[in-house]
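Step one of this worksheet: look at the structure below.
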Amino acid sequence: MKLRACLGLLLLCSLPLVVHADDSQTTPPPAGDTSGIADSIGEYLKGQSIQLGLSYAQGTFKMRKGNTSSQLTDDGRASPLINYTTGEHVIGKLPMKYGDAVLGWDFVGSFGEQNTHFQLNPNSSAVVGQDLGSKVTGDFLSGAPFLYMRLGPVYPDSDSFWLFGYGAGVAVYHFSGNPIFYTPTGNTIVATSMPVSTSAELFLYQTWRWQFHYGNWDVLFTGKSLSGRKVAGYDTSYEDYGLGLAYTFRF
Amino acid sequence: MGNASMGRAARGAAGLLLGLWALQAQAAPDNGFGVYLGAISSRDNALYGNSHGGLIGADAQFMVNQTWSLNPYLLLDSESTDQPFDINNGEGGLQARYWMAGSWFLGGQFLFHDTLLKQGGTVSRSLYGPGIGVGAGWEGDSHWSVSLAANVFRLAGTYGSTATTRSEAMLLIGYRWGGTP
């Protein structure tokens, strides 16, 4: 407690010096200097954050057993972006002309909804389904450690960085619906509708993110995959790819 | 036909780059956003043969030091093929550039792609995965750039669908909003 008070006082006292130093800095710091710009991004990412936004995403649900399979998609929809991220843990740092290239990790929790009601079938497009009366709906909560590389800032006096990373963890996922399964038999394809459902179960969760951050705003290309589990004997997975814009609240 | 076109494109680009050698400036490259327009030619050994088209792209350049930079980029293209279907291809990658004589660079990139095969407005296949490539170019004091890139990747779908290899070459003309804005 005493240590915290001392640190708080120290930070409070040093604030005017920081402001003064910032005002007087008219040229970018030399290469390898991580005391100014680099630290500002690092400091920014130290805290936890909640990211809220909107994305245009496409989700695809897949079940397969042998040569019998079913795929449903939502044909793309506006989808909320809700992510929680812990503070950054730096694994390694490479000083750059401005800022750093950082290999780091954090922990990301997210919520996702599934509303796939367009059937992908032998007569349809590979990515745009048809309304055949079949559908599968569900939702999931996921959590994963997320390993990434970030570069930044782009401009010496801006709060901007680029980030690409991959995370693997678990998701609690449940769904229900009545997909149509297709089984090729000789020259014909047999279509069978069958109800499927599962209570909340753990699935392997994988995510990819390509992100550009400027100010408190982020442009994100994201991929999410739930897989690694059989439901009613079928290998079951759900994939979701989206492009979104989000505002980040840090605390 | 495809090989001949790719050869002509490569020779033209090489000539352009040699021409720019004469305009070489010693300005140091800097951070910034870049946008690109260009042409692409690709070849595949089983699926469609040859393709040609146009592309748009964008990147952000992060100078590591005076001789190295890291450039994450995005690229979209539209191509027509020898077959009765067209291709839309998207790529996102990271290119490492080694800068020589200030304005010239050699690069290598790692990328992910999603390649859509379209027939009559309907996407018949979506093939995606990783790829690698090399690049070279010139970026001048005027912030304009000319570069060549060649990539290779597998065209593979899900559920064990057959995979083929695609090689592509592209010529890009770009402009960068660089340095301190």
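Simple scheme: letters A, B, ... for chains in structure tokens order, numbers from 1 for residues in each chain, numbers from 1 for ligands in the order shown.
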
Find the residues around stretch 65-82 of chain A up to 8 Å (only C-alpha atoms counted), leave out those fewer than 2 positions away in its own chain, and share them as a ChimeraX atom specification. /A:50-63,84,110-111,115-121,127-129,135-136,179-184,233-235,244,246

Pull C-alpha atoms from the residues just selected and write them as a compact mmCIF listing (two decimals), in the first residue's frame.
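Resulting contents of out17.txt:
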# COMPACT_ATOMS: atom_id res chain seq x y z
CA ILE A 50 -13.20 -3.77 -24.10
CA GLN A 51 -13.70 -3.42 -27.80
CA LEU A 52 -17.16 -2.63 -29.14
CA GLY A 53 -17.97 -2.31 -32.79
CA LEU A 54 -19.66 -3.62 -35.87
CA SER A 55 -18.41 -6.00 -38.50
CA TYR A 56 -19.61 -7.49 -41.74
CA ALA A 57 -19.00 -11.18 -41.31
CA GLN A 58 -19.91 -14.50 -42.81
CA GLY A 59 -20.37 -17.59 -40.69
CA THR A 60 -20.44 -21.15 -42.03
CA PHE A 61 -21.57 -24.22 -40.10
CA LYS A 62 -20.25 -27.63 -41.18
CA MET A 63 -20.98 -31.24 -40.24
CA TYR A 84 -12.37 -8.30 -23.95
CA SER A 110 -15.29 -12.88 -27.10
CA PHE A 111 -18.93 -13.62 -27.74
CA ASN A 115 -27.66 -17.73 -37.49
CA THR A 116 -26.96 -19.91 -40.50
CA HIS A 117 -30.08 -20.47 -42.57
CA PHE A 118 -28.84 -20.70 -46.16
CA GLN A 119 -27.92 -24.20 -47.26
CA LEU A 120 -24.77 -24.77 -49.27
CA ASN A 121 -25.58 -27.67 -51.57
CA VAL A 127 -20.02 -19.44 -50.46
CA VAL A 128 -23.60 -18.23 -51.09
CA GLY A 129 -26.26 -20.62 -49.85
CA LYS A 135 -31.19 -23.65 -40.48
CA VAL A 136 -28.88 -23.95 -37.48
CA PRO A 179 -29.56 -29.07 -41.58
CA ILE A 180 -29.86 -30.98 -44.84
CA PHE A 181 -27.19 -33.65 -45.29
CA TYR A 182 -25.97 -34.69 -48.73
CA THR A 183 -24.58 -38.13 -49.54
CA PRO A 184 -23.23 -38.91 -53.01
CA GLY A 233 -21.05 -38.84 -34.80
CA TYR A 234 -20.42 -35.91 -37.16
CA ASP A 235 -17.26 -33.79 -37.17
CA GLY A 244 -15.07 -4.66 -38.74
CA ALA A 246 -14.41 -1.02 -33.39

Based on only C-alpha atoms, which of the residues in chain A come within 6 Å of chain B? I want them as a ChimeraX atom specification. /A:96-97,125-126,154-155

What parts of chain B does DSSP call alpha helix (DSSP H)? I'd like the answer as a PyMOL selection string. chain B and resi 2-21

Which residue is closest to B:Gln109? Choose from B:Ala149, B:Leu75, B:Ala163, B:Leu47 and count only C-alpha atoms. B:Ala149

Near A:Leu94, within 9 Å and counting only C-alpha atoms, which residues show up once chain neighbours fewer than 2 positions away are dropped, as number ranges by chain? A: 32, 92, 96, 99-103; B: 64

For B:Gly53, work out the shell of residues within 8 Å, counting only C-alpha atoms and skipping chain neighbours fewer than 4 positions away, then give it as number ranges by chain. B: 39-41, 77-80

Interatomic distance between atom CA of A:Asp157 and atom CA of A:Asn216? 14.8 Å

Quote the spacing between atom CA of A:Tyr98 and atom CA of A:Tyr247 in Å to one decimal place.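 Distance reported for this atom pair: 24.5 Å.
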
Pairwise distance for atom CA of A:Trp208 and atom CA of A:Gly167, rounded to one decimal in Å: 6.5 Å

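Near stretch 46-49 of chain A, within 6 Å and counting only C-alpha atoms, sit Glu43, Tyr84, Thr85, Thr86, Gly87, Glu88, Phe249, Arg250 and Phe251 of chain A, not including residues fewer than 3 positions from it in the same chain.
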
From the options A:Asn83, A:Thr236, A:Ser227, A:Ser40, which residue's atoms come nearest to A:Gly143, counting only C-alpha atoms? A:Asn83

Need the shell around A:Ala232: protein/DNA/RNA residues with any atom at most 12 Å away, counting only C-alpha atoms. Skip same-chain ones fewer than 5 positions apart. Format as an MDAnalysis selection string? chainID A and resid 63:65 194:198

Identify, on the basis of only C-alpha atoms, every residue whose closest approach to A:Gly169 does not exceed 7 Å; exclude the query and any residue fewer than 4 positions from it along the same chain; express the result as a list in words.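 What passes the distance filter is Gly143, Ala144, Pro145, Leu204, Tyr205 and Gln206 of chain A.
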
Determine which residues of stretch 119-172 of chain A DSSP labels as strand (DSSP E) from the backbone of this structure, then write them out as a count of residues only. 32
